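Below: protein_36.cif (mmCIF, C-alpha atoms and all ligand atoms)
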```cif
data_structure
#
loop_
_atom_site.label_atom_id
_atom_site.label_comp_id
_atom_site.auth_asym_id
_atom_site.auth_seq_id
_atom_site.Cartn_x
_atom_site.Cartn_y
_atom_site.Cartn_z
CA MET A 1289 0.80 -30.39 -51.40
CA LYS A 1290 1.32 -31.54 -55.03
CA GLN A 1291 4.58 -33.23 -54.15
CA LYS A 1292 2.88 -35.09 -51.30
CA GLN A 1293 0.09 -36.22 -53.66
CA SER A 1294 2.54 -37.63 -56.28
CA THR A 1295 4.48 -39.49 -53.53
CA GLN A 1296 1.20 -41.02 -52.44
CA ASN A 1297 0.37 -42.07 -56.05
CA ILE A 1298 3.76 -43.76 -56.54
CA PHE A 1299 3.30 -45.66 -53.29
CA LEU A 1300 -0.22 -46.72 -54.26
CA PHE A 1301 0.88 -47.80 -57.73
CA THR A 1302 3.85 -49.85 -56.43
CA ALA A 1303 1.80 -51.45 -53.69
CA GLY A 1304 -1.03 -52.31 -56.13
CA PHE A 1305 1.39 -53.73 -58.72
CA LEU A 1306 3.24 -55.89 -56.19
CA THR A 1307 0.01 -57.20 -54.65
CA MET A 1308 -1.32 -58.17 -58.13
CA ALA A 1309 1.98 -59.91 -58.97
CA MET A 1310 1.86 -61.88 -55.74
CA ILE A 1311 -1.80 -62.95 -56.24
CA GLY A 1312 -0.92 -64.04 -59.84
CA LEU A 1313 1.99 -66.09 -58.64
CA ILE A 1314 0.04 -67.78 -55.85
CA THR A 1315 -2.84 -68.63 -58.22
CA THR A 1316 -0.45 -70.07 -60.82
CA SER A 1317 1.44 -72.08 -58.21
CA ARG A 1318 -1.84 -73.51 -56.77
CA SER A 1319 -2.73 -75.13 -60.15
CA LEU A 1320 0.64 -76.81 -60.17
CA ASP A 1321 2.16 -79.55 -58.04
CA ILE A 1322 4.67 -78.63 -55.45
CA THR A 1323 7.71 -79.84 -57.18
CA ALA A 1324 11.38 -79.04 -56.69
CA GLU A 1325 11.35 -76.77 -59.78
CA ASN A 1326 8.37 -74.77 -58.52
CA ILE A 1327 9.75 -74.08 -55.00
CA GLN A 1328 11.69 -71.14 -56.50
CA ASN A 1329 8.40 -69.63 -57.72
CA TYR A 1330 6.72 -70.07 -54.31
CA LEU A 1331 9.68 -68.38 -52.58
CA LEU A 1332 9.61 -65.50 -55.08
CA GLY A 1333 5.87 -65.10 -54.46
CA ALA A 1334 6.44 -65.00 -50.69
CA VAL A 1335 9.24 -62.39 -51.03
CA LEU A 1336 7.06 -60.23 -53.29
CA PHE A 1337 4.21 -60.51 -50.78
CA CYS A 1338 6.49 -59.35 -47.96
CA ILE A 1339 7.75 -56.42 -50.03
CA ALA A 1340 4.16 -55.43 -50.84
CA LEU A 1341 3.21 -55.64 -47.14
CA VAL A 1342 6.21 -53.52 -46.02
CA THR A 1343 5.52 -50.98 -48.78
CA VAL A 1344 1.89 -50.58 -47.76
CA THR A 1345 2.83 -50.25 -44.07
CA VAL A 1346 5.54 -47.64 -44.78
CA PHE A 1347 3.16 -45.71 -47.01
CA GLN A 1348 0.45 -45.74 -44.31
CA SER A 1349 2.85 -44.49 -41.63
CA PHE A 1350 4.07 -41.73 -43.98
CA ARG A 1351 0.50 -40.71 -44.66
CA ILE A 1352 -0.39 -40.66 -40.94
CA SER A 1353 2.65 -38.52 -40.04
CA GLU A 1354 1.92 -36.13 -42.92
CA ASP A 1355 -1.69 -35.81 -41.78
CA ALA A 1356 -0.57 -35.23 -38.19
CA GLN A 1357 1.81 -32.50 -39.36
CA LEU A 1358 -0.98 -30.83 -41.33
CA ILE A 1359 -3.30 -30.92 -38.32
CA ALA A 1360 -0.56 -29.53 -36.03
CA GLU A 1361 0.20 -26.70 -38.48
CA SER A 1362 -3.44 -25.76 -38.80
CA LEU A 1363 -3.92 -25.87 -35.01
CA ALA A 1364 -0.85 -23.65 -34.45
CA LYS A 1365 -2.14 -21.16 -37.02
CA ASP A 1366 -5.55 -21.10 -35.34
CA MET A 1367 -3.90 -20.47 -31.97
CA VAL A 1368 -1.70 -17.66 -33.34
CA ASP A 1369 -4.75 -16.08 -35.00
CA ALA A 1370 -6.77 -16.40 -31.77
CA SER A 1371 -4.06 -14.84 -29.56
CA HIS A 1372 -3.46 -12.09 -32.13
CA ASN A 1373 -7.18 -11.29 -32.13
CA LEU A 1374 -7.24 -11.39 -28.32
CA PHE A 1375 -4.31 -8.96 -28.06
CA THR A 1376 -5.82 -6.65 -30.64
CA GLU A 1377 -9.11 -6.68 -28.76
CA LEU A 1378 -7.33 -6.10 -25.42
CA TYR A 1379 -5.43 -3.15 -26.94
CA ARG A 1380 -8.63 -1.68 -28.39
CA ALA A 1381 -10.87 -2.20 -25.37
CA SER A 1382 -8.32 -1.60 -22.57
CA PRO A 1383 -9.38 1.07 -20.04
CA VAL A 1384 -5.81 2.44 -20.23
CA PRO A 1385 -5.21 4.84 -23.12
CA TYR A 1386 -2.64 3.29 -25.52
CA LEU A 1387 -1.08 4.75 -28.65
CA LEU A 1388 1.20 3.12 -31.22
CA VAL A 1389 3.85 5.29 -32.89
CA ASP A 1390 6.47 4.74 -35.58
CA LYS A 1391 10.20 5.34 -35.14
CA GLU A 1392 9.77 9.14 -35.52
CA GLY A 1393 6.99 9.29 -32.94
CA THR A 1394 4.22 9.71 -35.53
CA ILE A 1395 0.97 8.27 -34.21
CA ALA A 1396 -0.18 5.16 -36.10
CA SER A 1397 -3.14 4.17 -33.94
CA VAL A 1398 -5.00 5.13 -30.75
CA ASN A 1399 -7.20 2.78 -28.73
CA ARG A 1400 -10.72 3.66 -27.54
CA ALA A 1401 -9.59 4.89 -24.10
CA GLY A 1402 -7.03 7.09 -25.90
CA LEU A 1403 -9.76 8.60 -28.07
CA ARG A 1404 -11.79 9.29 -24.91
CA LEU A 1405 -8.76 10.91 -23.22
CA PHE A 1406 -8.17 13.26 -26.16
CA GLN A 1407 -11.95 13.62 -26.80
CA VAL A 1408 -11.53 12.91 -30.52
CA ASN A 1409 -13.04 10.55 -33.10
CA GLU A 1410 -11.16 7.71 -34.73
CA GLY A 1411 -8.60 8.81 -37.33
CA VAL A 1412 -8.05 12.33 -35.93
CA MET A 1413 -4.80 11.63 -34.04
CA GLU A 1414 -3.12 9.50 -36.71
CA GLY A 1415 -0.23 11.28 -38.46
CA LYS A 1416 0.45 13.73 -35.59
CA ASN A 1417 3.76 13.58 -33.73
CA ILE A 1418 3.45 12.57 -30.08
CA PHE A 1419 6.40 14.74 -28.99
CA GLU A 1420 4.59 17.83 -30.31
CA ILE A 1421 1.41 16.93 -28.42
CA ILE A 1422 2.81 16.47 -24.92
CA ASP A 1423 3.95 19.36 -22.78
CA GLY A 1424 5.32 19.86 -19.28
CA ASP A 1425 6.64 22.28 -16.67
CA ASP A 1426 10.22 21.90 -17.84
CA ALA A 1427 10.89 22.37 -21.58
CA ASP A 1428 14.44 20.92 -21.33
CA HIS A 1429 13.09 17.79 -19.68
CA MET A 1430 10.48 17.41 -22.43
CA ALA A 1431 13.16 17.73 -25.11
CA LEU A 1432 14.92 14.69 -23.64
CA PHE A 1433 11.96 12.43 -24.40
CA SER A 1434 12.44 12.13 -28.18
CA GLY A 1435 16.21 11.68 -27.60
CA LYS A 1436 15.50 8.81 -25.23
CA PHE A 1437 13.13 7.17 -27.72
CA ASP A 1438 15.77 7.54 -30.50
CA GLN A 1439 18.19 5.59 -28.31
CA ASP A 1440 15.60 2.90 -27.50
CA LEU A 1441 15.51 3.96 -23.85
CA SER A 1442 12.18 3.60 -22.12
CA ILE A 1443 10.31 6.53 -20.57
CA ASN A 1444 8.54 5.65 -17.33
CA ASP A 1445 5.68 7.46 -15.61
CA GLU A 1446 6.71 11.00 -16.50
CA GLU A 1447 4.22 13.73 -15.62
CA VAL A 1448 3.21 15.59 -18.78
CA ASN A 1449 0.15 17.49 -19.87
CA ILE A 1450 -1.93 17.19 -23.00
CA THR A 1451 -4.59 19.48 -24.43
CA ARG A 1452 -7.87 17.81 -25.40
CA ALA A 1453 -9.75 18.65 -28.58
CA ASP A 1454 -12.08 20.88 -26.49
CA GLY A 1455 -9.06 22.87 -25.20
CA VAL A 1456 -9.08 21.37 -21.68
CA LYS A 1457 -5.65 20.49 -20.27
CA ARG A 1458 -5.19 17.10 -18.59
CA TRP A 1459 -2.21 15.83 -16.59
CA VAL A 1460 -1.09 12.32 -17.50
CA LEU A 1461 1.60 9.85 -16.46
CA PHE A 1462 3.38 9.16 -19.75
CA SER A 1463 5.29 5.92 -20.50
CA LEU A 1464 6.87 4.97 -23.82
CA PHE A 1465 8.56 1.67 -24.73
CA SER A 1466 10.10 0.79 -28.08
CA PHE A 1467 9.80 -2.61 -29.77
CA ARG A 1468 10.27 -4.24 -33.21
CA ASP A 1469 7.27 -5.42 -35.23
CA GLU A 1470 7.13 -8.68 -37.33
CA ALA A 1471 8.91 -6.89 -40.19
CA GLY A 1472 11.72 -5.76 -37.84
CA LYS A 1473 10.62 -2.10 -37.93
CA LYS A 1474 11.02 0.02 -34.80
CA ARG A 1475 7.79 1.08 -33.14
CA GLY A 1476 6.73 2.53 -29.83
CA VAL A 1477 3.82 1.80 -27.53
CA ILE A 1478 2.62 4.62 -25.28
CA ALA A 1479 0.52 4.32 -22.13
CA MET A 1480 -1.09 7.40 -20.59
CA VAL A 1481 -2.75 7.46 -17.18
CA ASP A 1482 -4.92 10.46 -16.40
CA ILE A 1483 -3.77 11.96 -13.05
CA THR A 1484 -5.54 15.30 -13.30
CA ARG A 1485 -7.73 14.52 -10.28
CA GLN A 1486 -4.74 13.52 -8.08
CA LYS A 1487 -2.92 16.67 -9.21
CA GLU A 1488 -5.91 18.79 -8.19
CA ILE A 1489 -6.04 17.09 -4.77
CA ASP A 1490 -2.25 17.55 -4.32
CA GLN A 1491 -2.61 21.19 -5.30
CA ALA A 1492 -5.44 21.68 -2.79
CA LYS A 1493 -3.32 20.03 -0.06
CA SER A 1494 -0.30 22.19 -0.84
CA GLU A 1495 -2.50 25.29 -0.81
CA PHE A 1496 -3.88 24.29 2.58
CA VAL A 1497 -0.39 23.63 4.02
CA SER A 1498 0.79 26.96 2.63
CA LEU A 1499 -2.15 28.83 4.16
CA ALA A 1500 -1.84 27.05 7.53
CA SER A 1501 1.91 27.70 7.69
CA HIS A 1502 1.41 31.38 6.89
CA GLN A 1503 -1.20 31.66 9.63
CA LEU A 1504 1.05 29.88 12.15
CA ARG A 1505 4.05 32.13 11.56
CA THR A 1506 2.57 35.18 13.29
CA PRO A 1507 1.53 33.49 16.59
CA ILE A 1508 4.86 31.61 16.75
CA ALA A 1509 6.78 34.86 16.23
CA ALA A 1510 4.64 36.52 18.95
CA MET A 1511 5.29 33.69 21.42
CA LYS A 1512 9.05 33.78 20.78
CA TRP A 1513 9.10 37.52 21.27
CA ASN A 1514 7.14 37.31 24.55
CA VAL A 1515 9.40 34.58 25.93
CA GLU A 1516 12.45 36.71 25.09
CA LEU A 1517 10.83 39.69 26.89
CA LEU A 1518 9.98 37.55 29.91
CA VAL A 1519 13.60 36.43 30.30
CA ALA A 1520 15.11 39.85 29.55
CA LYS A 1521 12.88 41.80 31.96
CA ASN A 1522 12.63 39.26 34.84
CA SER A 1523 15.83 37.24 34.74
CA GLU A 1524 16.82 38.20 38.32
CA HIS A 1525 13.34 37.27 39.69
CA LEU A 1526 13.18 33.87 38.00
CA SER A 1527 14.37 30.75 39.77
CA GLU A 1528 16.80 28.34 38.15
CA ASN A 1529 13.96 25.87 37.57
CA GLN A 1530 11.76 28.53 35.96
CA LEU A 1531 14.61 29.53 33.64
CA LYS A 1532 15.07 25.86 32.69
CA TYR A 1533 11.36 25.59 31.77
CA ILE A 1534 11.48 28.81 29.80
CA SER A 1535 14.51 27.63 27.84
CA LYS A 1536 12.62 24.40 27.00
CA VAL A 1537 9.69 26.50 25.73
CA GLU A 1538 12.13 28.56 23.66
CA ARG A 1539 13.75 25.47 22.16
CA ASN A 1540 10.40 24.00 21.17
CA LEU A 1541 9.22 27.28 19.71
CA ASN A 1542 12.36 27.32 17.55
CA ARG A 1543 11.63 23.77 16.39
CA MET A 1544 8.06 24.75 15.53
CA ASP A 1545 9.35 27.80 13.66
CA THR A 1546 11.75 25.64 11.57
CA LEU A 1547 8.98 23.15 10.84
CA VAL A 1548 6.57 25.84 9.68
CA GLN A 1549 9.30 27.41 7.50
CA ASP A 1550 9.95 23.96 5.95
CA PHE A 1551 6.23 23.43 5.28
CA LEU A 1552 6.04 26.81 3.65
CA SER A 1553 9.08 26.12 1.43
CA VAL A 1554 7.77 22.69 0.39
CA SER A 1555 4.32 24.03 -0.50
CA LYS A 1556 5.85 26.89 -2.48
CA PHE A 1557 7.98 24.45 -4.51
CA GLU A 1558 5.03 22.13 -5.05
CA LEU A 1559 2.66 24.86 -6.08
CA GLY A 1560 5.35 26.22 -8.39
CA THR A 1561 4.85 29.65 -6.86
CA TYR A 1562 8.47 30.24 -5.87
CA ALA A 1563 9.67 33.14 -7.99
CA THR A 1564 13.47 33.22 -8.10
CA ASP A 1565 15.11 36.58 -7.56
CA HIS A 1566 18.75 36.58 -8.67
CA LYS A 1567 21.16 39.03 -7.02
CA ARG A 1568 24.96 39.17 -6.91
CA ILE A 1569 26.19 37.77 -3.60
CA ASN A 1570 29.60 37.72 -2.01
CA VAL A 1571 30.08 33.94 -1.70
CA VAL A 1572 32.58 34.06 1.20
CA ASN A 1573 30.56 36.56 3.27
CA THR A 1574 27.29 34.72 2.72
CA ILE A 1575 28.76 31.35 3.68
CA GLU A 1576 30.45 32.86 6.75
CA MET A 1577 27.07 34.29 7.86
CA ILE A 1578 25.45 30.85 7.48
CA VAL A 1579 28.30 29.22 9.46
CA GLU A 1580 27.79 31.82 12.18
CA GLU A 1581 24.12 30.81 12.48
CA HIS A 1582 25.18 27.21 13.21
CA ALA A 1583 28.22 28.02 15.34
CA GLY A 1584 26.20 27.81 18.59
CA ALA A 1585 24.96 24.25 17.94
CA ALA A 1586 28.45 23.19 16.80
CA GLU A 1587 30.20 24.73 19.83
CA LEU A 1588 27.81 23.02 22.27
CA ARG A 1589 29.05 19.66 20.97
CA LYS A 1590 32.64 20.77 20.32
CA ILE A 1591 32.34 20.30 16.58
CA VAL A 1592 34.81 22.27 14.48
CA ILE A 1593 33.57 23.76 11.18
CA LYS A 1594 36.56 24.30 8.89
CA ARG A 1595 36.19 26.51 5.82
CA GLU A 1596 38.22 26.55 2.64
CA TYR A 1597 37.66 28.96 -0.27
CA GLY A 1598 39.12 28.57 -3.75
CA GLU A 1599 41.52 31.22 -4.90
CA GLY A 1600 39.94 34.29 -6.48
CA ILE A 1601 36.42 33.24 -5.61
CA ARG A 1602 34.22 36.01 -6.97
CA GLY A 1603 30.74 37.36 -6.54
CA PHE A 1604 28.03 34.99 -7.71
CA LEU A 1605 24.66 35.74 -9.28
CA THR A 1606 22.04 33.62 -7.54
CA ASP A 1607 18.80 33.63 -5.55
CA THR A 1608 20.04 34.47 -2.05
CA HIS A 1609 17.16 32.77 -0.26
CA LEU A 1610 17.61 29.49 -2.16
CA PHE A 1611 21.41 29.65 -1.74
CA ARG A 1612 21.03 30.06 2.03
CA MET A 1613 18.48 27.24 2.12
CA ILE A 1614 20.92 24.87 0.38
CA VAL A 1615 24.07 25.65 2.37
CA GLY A 1616 22.18 26.13 5.67
CA ASN A 1617 20.38 22.76 5.49
CA LEU A 1618 23.49 20.81 4.46
CA LEU A 1619 25.61 22.44 7.16
CA SER A 1620 22.97 21.94 9.84
CA ASN A 1621 22.74 18.21 8.91
CA ALA A 1622 26.55 17.84 8.93
CA VAL A 1623 26.63 19.20 12.50
CA LYS A 1624 23.49 17.36 13.63
CA TYR A 1625 24.68 13.94 12.41
CA SER A 1626 28.30 14.30 13.67
CA PRO A 1627 29.43 12.87 17.00
CA ASP A 1628 30.68 15.23 19.74
CA ASN A 1629 34.21 16.51 18.93
CA GLY A 1630 33.50 15.80 15.24
CA LYS A 1631 34.89 17.70 12.26
CA VAL A 1632 32.96 19.36 9.45
CA GLN A 1633 34.71 20.76 6.40
CA LEU A 1634 33.12 23.25 4.00
CA ARG A 1635 34.82 23.99 0.66
CA ALA A 1636 33.71 26.47 -2.02
CA VAL A 1637 35.54 26.72 -5.34
CA GLU A 1638 34.79 28.17 -8.73
CA ALA A 1639 35.55 26.03 -11.77
CA ASN A 1640 34.31 25.94 -15.37
CA ASP A 1641 31.89 28.79 -14.82
CA ALA A 1642 30.22 27.02 -11.90
CA LEU A 1643 30.36 27.28 -8.14
CA SER A 1644 31.06 24.02 -6.36
CA ILE A 1645 30.25 23.68 -2.65
CA THR A 1646 31.33 20.57 -0.77
CA ILE A 1647 30.39 19.76 2.82
CA VAL A 1648 32.20 16.82 4.39
CA ASP A 1649 31.50 15.37 7.82
CA THR A 1650 32.74 12.46 9.89
CA GLY A 1651 29.30 11.57 11.22
CA ILE A 1652 26.94 8.59 11.38
CA GLY A 1653 26.61 8.31 7.56
CA ILE A 1654 23.64 6.93 5.62
CA PRO A 1655 23.10 3.16 5.07
CA LYS A 1656 23.80 2.29 1.40
CA SER A 1657 20.45 0.51 0.95
CA GLU A 1658 18.54 3.67 1.93
CA GLN A 1659 20.50 6.24 -0.07
CA ASN A 1660 18.16 6.07 -3.09
CA MET A 1661 15.43 7.66 -0.90
CA LEU A 1662 17.63 10.52 0.26
CA PHE A 1663 15.93 13.40 -1.56
CA THR A 1664 12.34 12.23 -1.11
CA LYS A 1665 9.89 13.97 1.20
CA VAL A 1666 9.93 12.98 4.93
CA PHE A 1667 12.71 10.43 4.47
CA ARG A 1668 14.77 9.72 7.59
CA ALA A 1669 17.41 6.97 7.53
CA SER A 1670 17.01 4.14 10.07
CA ASN A 1671 20.22 5.07 11.95
CA ALA A 1672 19.19 8.75 12.10
CA ARG A 1673 15.79 7.83 13.54
CA THR A 1674 17.38 5.96 16.45
CA GLU A 1675 20.46 8.13 17.04
CA VAL A 1676 19.11 11.66 16.35
CA PRO A 1677 15.32 11.64 16.97
CA ASP A 1678 14.92 15.34 16.16
CA GLY A 1679 14.19 15.80 12.45
CA THR A 1680 11.42 16.26 9.87
CA GLY A 1681 12.93 14.62 6.78
CA LEU A 1682 12.08 17.72 4.75
CA GLY A 1683 15.50 19.41 4.65
CA LEU A 1684 17.12 17.42 1.82
CA TYR A 1685 13.91 17.49 -0.22
CA ILE A 1686 13.96 21.29 0.05
CA VAL A 1687 17.68 21.39 -0.82
CA ASP A 1688 17.12 19.23 -3.90
CA GLN A 1689 14.19 21.39 -5.08
CA ALA A 1690 16.21 24.57 -4.52
CA VAL A 1691 19.21 23.15 -6.45
CA GLN A 1692 16.90 22.21 -9.33
CA LEU A 1693 15.36 25.70 -9.39
CA LEU A 1694 18.89 27.12 -9.70
CA GLY A 1695 19.68 24.68 -12.53
CA GLY A 1696 22.36 22.90 -10.50
CA THR A 1697 23.15 19.36 -9.39
CA ILE A 1698 23.58 17.69 -6.00
CA ASN A 1699 25.47 14.54 -5.21
CA CYS A 1700 26.01 12.53 -2.01
CA VAL A 1701 28.68 9.99 -1.09
CA SER A 1702 28.21 8.41 2.31
CA GLU A 1703 29.35 5.45 4.34
CA GLN A 1704 27.72 4.43 7.58
CA ASN A 1705 29.82 5.25 10.67
CA VAL A 1706 32.49 6.88 8.46
CA GLY A 1707 30.92 10.08 7.17
CA THR A 1708 29.06 11.91 4.44
CA THR A 1709 30.02 14.28 1.61
CA PHE A 1710 27.47 16.44 -0.19
CA THR A 1711 28.56 18.29 -3.35
CA VAL A 1712 26.42 20.98 -4.92
CA ILE A 1713 27.33 22.49 -8.28
CA LEU A 1714 25.56 25.69 -9.28
CA PRO A 1715 25.99 27.08 -12.79
CA ARG A 1716 26.95 30.72 -13.15
P1 LIG A 1801 16.12 15.65 8.88
O1 LIG A 1801 15.22 16.69 9.41
O2 LIG A 1801 15.76 14.27 9.33
O3 LIG A 1801 17.57 15.95 9.13
P2 LIG A 1801 16.74 15.90 6.08
O4 LIG A 1801 15.78 15.91 4.92
O5 LIG A 1801 17.60 17.05 6.24
O6 LIG A 1801 15.84 15.62 7.32
O7 LIG A 1801 17.63 14.61 5.90
C1 LIG A 1801 17.00 13.40 5.58
C2 LIG A 1801 17.77 12.23 6.19
O8 LIG A 1801 19.01 12.09 5.51
C3 LIG A 1801 18.15 12.42 7.64
O9 LIG A 1801 17.10 12.05 8.49
C4 LIG A 1801 19.34 11.50 7.75
O10 LIG A 1801 18.94 10.17 7.88
C5 LIG A 1801 20.01 11.64 6.40
N1 LIG A 1801 21.10 12.66 6.39
C6 LIG A 1801 21.09 13.87 5.84
N2 LIG A 1801 22.28 14.47 5.98
C7 LIG A 1801 23.06 13.62 6.66
C8 LIG A 1801 24.43 13.67 7.11
N3 LIG A 1801 25.21 14.72 6.88
N4 LIG A 1801 24.91 12.59 7.75
C9 LIG A 1801 24.13 11.49 7.97
N5 LIG A 1801 22.85 11.40 7.57
C10 LIG A 1801 22.32 12.44 6.92
#
```

The structure given in the file should be rewritten as structure tokens.
Ligand code: ADP
Amino acid sequence: MKQKQSTQNIFLFTAGFLTMAMIGLITTSRSLDITAENIQNYLLGAVLFCIALVTVTVFQSFRISEDAQLIAESLAKDMVDASHNLFTELYRASPVPYLLVDKEGTIASVNRAGLRLFQVNEGVMEGKNIFEIIDGDDADHMALFSGKFDQDLSINDEEVNITRADGVKRWVLFSLFSFRDEAGKKRGVIAMVDITRQKEIDQAKSEFVSLASHQLRTPIAAMKWNVELLVAKNSEHLSENQLKYISKVERNLNRMDTLVQDFLSVSKFELGTYATDHKRINVVNTIEMIVEEHAGAAELRKIVIKREYGEGIRGFLTDTHLFRMIVGNLLSNAVKYSPDNGKVQLRAVEANDALSITIVDTGIGIPKSEQNMLFTKVFRASNARTEVPDGTGLGLYIVDQAVQLLGGTINCVSEQNVGTTFTVILPR
């Protein structure tokens, strides 16, 4: 500012001096005759006048541009202040609970909705570590959160639970994004959406499905048993047409039975009531028994199921029911989605203290664009819906849940009209 002021003074002084000199010269020259000797003086006066005029003009334009710059700077500052205030107010008053944390996850501030969520007063949450506050079903999964934040990876809509100051647990969708503040320091912003109500509704639905499926099992079993009796005791009295109708009834009863079993499995996984029961199984015998169960369907369509077992494959400690669910569903799909005369290959090997099971088929495959949905509930690929109408879309969801319960992984490689390979790895 001072520098600008002194520049202004110099300009004013020079302009004033030159103007005075010019006026002096003109006045002097007026009292004299215009003679040849005085022409020099007139010219000098004119030149000095021009210089004075240019100086004043330049000074004015400098002053105008400086003023404009000052106004622009002050306007920009006002705008920054206004948007900063707006953002601060939005953060404070937002209906979504937000928290700001430092690079260690220590809470620096909580907005009003956050205070309401935790049922605390201002200042109570500050200084606590967010990773010690949140909890979930899976401790290993929770432990990954701070690791992700350390590596600047975002956490999106993860289901966690928090305990309010009054001891009540709430389920929230937890998201955490890291950013740098004006000083370049790492910080994190957390959004929490309360989903306790939805969880309660989901729980009630799962309980209902579980109850309904349980109740349906007995009448379905009774109907199947009676149909079997009818055929066994009266086969010679039944006409060909009657036998055809009875076999249709039998087929549909089996479909209903599978559906009810799937509903029951899904609701058990969702309610978290499946209690694993690990027993040592003979891998080869168990797989052979599962293959036997699907041999009928495969034979009908002339599909060969080849088996290959790694050398020295030993007994394996696992939950038999879950193991059968995994292999049974994958094998049934491989047969179901293969063309007549197709080939299915099942391989089981032990490596690095894990059991690896691979099921390869040469069937209809899964379109690439739909593969990301593969393990979600009731998903059926577009080609499967048109080519194989019979299906619930629950099988792979159940397989994925069962693999997770056993601490394993599942992977799928598939190409439409070429075939599909599922690989399951179960830790020992
Ligand atoms: P579904 O009762 O429809 O077979 P699943 O949950 O077992 O339900 O499978 C989901 C979908 O994944 C199937 O509808 C099908 O589109 C696709 N799929 C699963 N396994 C295979 C396979 N071996 N070959 C081709 N598509 C498959």

Test item: residues lying within 8 Å of ligand LIG 1801 (chain A) with all atoms listed in the file, as a count of residues only: 42

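Each of A:Leu1499, A:Val1384, A:Leu1518, A:Ala1453 was compared to A:Phe1551 using all atoms listed in the file, and A:Leu1499 turns out to be the nearest.
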
Pairwise distance for atom CA of A:Phe1604 and atom CA of A:Gln1692, rounded to one decimal in Å: 17.0 Å

Length of the atom CA of A:Thr1484 to atom CA of A:Val1408 vector [Å]: 18.4 Å

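Coordinates place atom CA of A:Glu1354 at a distance of 26.9 Å from atom CA of A:His1372.
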
Point (8.7, 23.3, -5.7), cut-off 9 Å, counting all atoms listed in the file, residues as an MDAnalysis selection string: chainID A and resid 1553:1562 1686 1689:1690 1693

Hey, which bits of stretch 1396-1445 of chain A sit within 12 Å of stretch 1468-1482 of chain A, and for each residue what's the closest pair of atoms and how far apart in Å (one decimal), counting all atoms listed in the file, rows by chain and increasing number, as a Markdown table?
```
| residue | atom | partner | partner_atom | distance |
| --- | --- | --- | --- | --- |
| A:Ala1396 | CA | A:Arg1475 | CA | 9.4 |
| A:Ser1397 | CA | A:Val1477 | CA | 9.8 |
| A:Val1398 | CA | A:Ile1478 | CA | 9.4 |
| A:Asn1399 | CA | A:Ala1479 | CA | 10.3 |
| A:Ala1401 | CA | A:Met1480 | CA | 9.5 |
| A:Gly1402 | CA | A:Met1480 | CA | 8.0 |
| A:Leu1403 | CA | A:Met1480 | CA | 11.5 |
| A:Arg1404 | CA | A:Asp1482 | CA | 11.0 |
| A:Leu1405 | CA | A:Asp1482 | CA | 7.8 |
| A:Phe1406 | CA | A:Asp1482 | CA | 10.7 |
| A:Ile1418 | CA | A:Ile1478 | CA | 9.3 |
| A:Phe1419 | CA | A:Ile1478 | CA | 11.4 |
| A:Ile1422 | CA | A:Met1480 | CA | 10.8 |
| A:Ser1434 | CA | A:Gly1476 | CA | 11.3 |
| A:Lys1436 | CA | A:Gly1476 | CA | 11.7 |
| A:Phe1437 | CA | A:Gly1476 | CA | 8.2 |
| A:Asp1438 | CA | A:Lys1474 | CA | 9.9 |
| A:Gln1439 | CA | A:Lys1474 | CA | 11.2 |
| A:Asp1440 | CA | A:Lys1474 | CA | 9.1 |
| A:Leu1441 | CA | A:Gly1476 | CA | 10.7 |
| A:Ser1442 | CA | A:Gly1476 | CA | 9.5 |
| A:Ile1443 | CA | A:Ile1478 | CA | 9.2 |
| A:Asn1444 | CA | A:Ala1479 | CA | 9.4 |
| A:Asp1445 | CA | A:Met1480 | CA | 8.4 |
```

Selection to disk with C-alpha atoms, as a PDB file, in the frame of the given file:
```pdb
ATOM      1  CA  ALA A1396      -0.180   5.160 -36.100  1.00  0.00           C
ATOM      2  CA  SER A1397      -3.140   4.170 -33.940  1.00  0.00           C
ATOM      3  CA  VAL A1398      -5.000   5.130 -30.750  1.00  0.00           C
ATOM      4  CA  ASN A1399      -7.200   2.780 -28.730  1.00  0.00           C
ATOM      5  CA  ALA A1401      -9.590   4.890 -24.100  1.00  0.00           C
ATOM      6  CA  GLY A1402      -7.030   7.090 -25.900  1.00  0.00           C
ATOM      7  CA  LEU A1403      -9.760   8.600 -28.070  1.00  0.00           C
ATOM      8  CA  ARG A1404     -11.790   9.290 -24.910  1.00  0.00           C
ATOM      9  CA  LEU A1405      -8.760  10.910 -23.220  1.00  0.00           C
ATOM     10  CA  PHE A1406      -8.170  13.260 -26.160  1.00  0.00           C
ATOM     11  CA  ILE A1418       3.450  12.570 -30.080  1.00  0.00           C
ATOM     12  CA  PHE A1419       6.400  14.740 -28.990  1.00  0.00           C
ATOM     13  CA  ILE A1422       2.810  16.470 -24.920  1.00  0.00           C
ATOM     14  CA  SER A1434      12.440  12.130 -28.180  1.00  0.00           C
ATOM     15  CA  LYS A1436      15.500   8.810 -25.230  1.00  0.00           C
ATOM     16  CA  PHE A1437      13.130   7.170 -27.720  1.00  0.00           C
ATOM     17  CA  ASP A1438      15.770   7.540 -30.500  1.00  0.00           C
ATOM     18  CA  GLN A1439      18.190   5.590 -28.310  1.00  0.00           C
ATOM     19  CA  ASP A1440      15.600   2.900 -27.500  1.00  0.00           C
ATOM     20  CA  LEU A1441      15.510   3.960 -23.850  1.00  0.00           C
ATOM     21  CA  SER A1442      12.180   3.600 -22.120  1.00  0.00           C
ATOM     22  CA  ILE A1443      10.310   6.530 -20.570  1.00  0.00           C
ATOM     23  CA  ASN A1444       8.540   5.650 -17.330  1.00  0.00           C
ATOM     24  CA  ASP A1445       5.680   7.460 -15.610  1.00  0.00           C
TER      25      ASP A1445
END
```
